[in-house]
Amino acid sequence: MTTTTATTIHTARPIAPAALAELRVTDDAGRPTTAFTDGEGGAPLRCCLRRATPGERIALVSYAPLRRRAAATGTDPGAYDEQGPVFVHADPCAGPDPDDGTLPFPGAHRTVRRYSADGRILGGRLVGDPSPEAFARAFREAFDDPAVAFVHVRAVEYGCYLYEVVAETTRDH
């Protein structure tokens, strides 16, 4: 008798490489992208889901995650279409470290905003405890609702988009 076990993994996704290529030229507000050197470091980079180190070339661009998702899926974000500032490397980077396994940008309160497949907000939750366990609970709660297709993790202070999380199921035999 073979036993199959299903495991759900909550995966943080950076901005997709194709979107980054476009954003490095013109942002989602239609402005040309201007690169600069981050002298102090610390900017949360949405291309590789880590903080910039001093001296890296980065850009602050306007990004519309739901508009881009809607264009890719043939849906209409409607009134939920929003854009906001995000930092990215000025030039292509390797993306997130696949072996890292830690939650990006830890140590702060965040909002986990739930969305349906067509990009409609289904609710949200303040995660006041910045521990990995608290985020794991918030993600489990979100994806326990079958209508939730993805969540956005956002900064509380300014509401800035940090990254998208999806639930992926793996099966072990």
# chains A, B, ... in the order shown; residues from 1 in each chain; ligands from 1
>>> residues_around(residues="Thr170 (chain A)", least_positions_apart="4", cutoff="9 Å", atoms="only C-alpha atoms", output="ChimeraX atom specification")
/A:5-9
>>> residues_around(residues="Leu126 (chain A)", least_positions_apart="2", cutoff="10 Å", atoms="only C-alpha atoms", output="PyMOL selection string")
chain A and resi 109-113+124+128-129+135+138+153-156
>>> closest_residue(among="A:Pro98, A:Pro92, A:Pro32, A:Pro65", to="His152 (chain A)", atoms="only C-alpha atoms")
A:Pro65
>>> closest_atom_pairs(of="region 65-155 of chain A", to="region 50-57 of chain A", cutoff="12 Å", atoms="only C-alpha atoms", output="CSV")
residue,atom,partner,partner_atom,distance
A:Val86,CA,A:Arg51,CA,12.0
A:Phe87,CA,A:Ala52,CA,9.0
A:Val88,CA,A:Arg57,CA,8.9
A:His89,CA,A:Arg57,CA,6.2
A:Ala90,CA,A:Arg57,CA,5.5
A:Asp91,CA,A:Arg57,CA,7.6
A:Pro92,CA,A:Arg57,CA,10.6
A:Cys93,CA,A:Arg57,CA,10.9
A:Ala94,CA,A:Arg50,CA,11.5
A:Gly95,CA,A:Arg50,CA,9.2
A:Pro96,CA,A:Arg50,CA,7.4
A:Asp97,CA,A:Arg50,CA,9.1
A:Asp100,CA,A:Arg50,CA,10.4
A:Thr102,CA,A:Arg50,CA,10.3
A:Leu103,CA,A:Arg50,CA,9.7
A:Pro104,CA,A:Arg50,CA,6.3
A:Phe105,CA,A:Arg50,CA,6.7
A:Pro106,CA,A:Arg50,CA,9.9
>>> residues_around(residues="Glu164 (chain A)", least_positions_apart="5", cutoff="8 Å", atoms="only C-alpha atoms", output="PyMOL selection string")
chain A and resi 12-14+150-153
>>> atom_distance(atom1="CA of Gly119 (chain A)", atom2="CA of Ala70 (chain A)")
7.1 Å
>>> select_by_dssp(residues="region 59-120 of chain A", states="strand (DSSP E)", output="VMD selection string")
chain A and resid 59 to 63 84 to 89 110 to 115
>>> write_last_selection(atoms="N, CA, C and O atoms", output="mmCIF file, in the first residue's frame")
data_model
loop_
_atom_site.group_PDB
_atom_site.id
_atom_site.type_symbol
_atom_site.label_atom_id
_atom_site.label_comp_id
_atom_site.auth_asym_id
_atom_site.auth_seq_id
_atom_site.Cartn_x
_atom_site.Cartn_y
_atom_site.Cartn_z
ATOM 1 N N ALA A 59 16.547 51.314 -8.555
ATOM 2 C CA ALA A 59 15.593 52.293 -9.076
ATOM 3 C C ALA A 59 14.312 52.192 -8.259
ATOM 4 O O ALA A 59 13.941 51.111 -7.801
ATOM 5 N N LEU A 60 13.650 53.314 -8.088
ATOM 6 C CA LEU A 60 12.338 53.356 -7.454
ATOM 7 C C LEU A 60 11.336 53.560 -8.580
ATOM 8 O O LEU A 60 11.388 54.566 -9.291
ATOM 9 N N VAL A 61 10.457 52.580 -8.760
ATOM 10 C CA VAL A 61 9.503 52.622 -9.869
ATOM 11 C C VAL A 61 8.081 52.447 -9.348
ATOM 12 O O VAL A 61 7.872 51.931 -8.255
ATOM 13 N N SER A 62 7.133 52.869 -10.149
ATOM 14 C CA SER A 62 5.729 52.663 -9.844
ATOM 15 C C SER A 62 5.316 51.327 -10.447
ATOM 16 O O SER A 62 5.570 51.066 -11.617
ATOM 17 N N TYR A 63 4.680 50.479 -9.632
ATOM 18 C CA TYR A 63 4.330 49.125 -10.041
ATOM 19 C C TYR A 63 2.846 48.879 -9.776
ATOM 20 O O TYR A 63 2.331 49.235 -8.716
ATOM 21 N N GLY A 84 1.942 51.565 -6.965
ATOM 22 C CA GLY A 84 2.690 52.163 -5.874
ATOM 23 C C GLY A 84 4.170 51.976 -6.067
ATOM 24 O O GLY A 84 4.618 51.263 -6.970
ATOM 25 N N PRO A 85 4.958 52.620 -5.217
ATOM 26 C CA PRO A 85 6.408 52.593 -5.355
ATOM 27 C C PRO A 85 7.027 51.280 -4.890
ATOM 28 O O PRO A 85 6.623 50.724 -3.872
ATOM 29 N N VAL A 86 7.988 50.789 -5.669
ATOM 30 C CA VAL A 86 8.778 49.619 -5.299
ATOM 31 C C VAL A 86 10.220 49.850 -5.739
ATOM 32 O O VAL A 86 10.467 50.513 -6.740
ATOM 33 N N PHE A 87 11.145 49.301 -4.975
ATOM 34 C CA PHE A 87 12.554 49.336 -5.356
ATOM 35 C C PHE A 87 12.911 48.057 -6.100
ATOM 36 O O PHE A 87 12.469 46.968 -5.716
ATOM 37 N N VAL A 88 13.711 48.212 -7.151
ATOM 38 C CA VAL A 88 14.233 47.074 -7.907
ATOM 39 C C VAL A 88 15.692 47.368 -8.246
ATOM 40 O O VAL A 88 16.119 48.524 -8.229
ATOM 41 N N HIS A 89 16.445 46.321 -8.547
ATOM 42 C CA HIS A 89 17.789 46.545 -9.066
ATOM 43 C C HIS A 89 17.691 47.293 -10.387
ATOM 44 O O HIS A 89 16.779 47.027 -11.175
ATOM 45 N N ARG A 110 2.997 43.553 9.135
ATOM 46 C CA ARG A 110 2.622 43.533 7.724
ATOM 47 C C ARG A 110 1.116 43.302 7.605
ATOM 48 O O ARG A 110 0.473 42.789 8.526
ATOM 49 N N THR A 111 0.598 43.636 6.458
ATOM 50 C CA THR A 111 -0.777 43.313 6.114
ATOM 51 C C THR A 111 -0.740 42.203 5.079
ATOM 52 O O THR A 111 0.036 42.266 4.126
ATOM 53 N N VAL A 112 -1.563 41.185 5.276
ATOM 54 C CA VAL A 112 -1.731 40.113 4.303
ATOM 55 C C VAL A 112 -3.108 40.335 3.680
ATOM 56 O O VAL A 112 -4.126 40.161 4.338
ATOM 57 N N ARG A 113 -3.102 40.778 2.422
ATOM 58 C CA ARG A 113 -4.337 41.092 1.715
ATOM 59 C C ARG A 113 -4.694 39.942 0.785
ATOM 60 O O ARG A 113 -3.879 39.537 -0.033
ATOM 61 N N ARG A 114 -5.915 39.450 0.894
ATOM 62 C CA ARG A 114 -6.390 38.287 0.134
ATOM 63 C C ARG A 114 -7.084 38.726 -1.158
ATOM 64 O O ARG A 114 -7.849 39.686 -1.163
ATOM 65 N N TYR A 115 -6.853 37.939 -2.232
ATOM 66 C CA TYR A 115 -7.462 38.245 -3.529
ATOM 67 C C TYR A 115 -8.040 36.997 -4.171
ATOM 68 O O TYR A 115 -7.499 35.902 -4.029
#
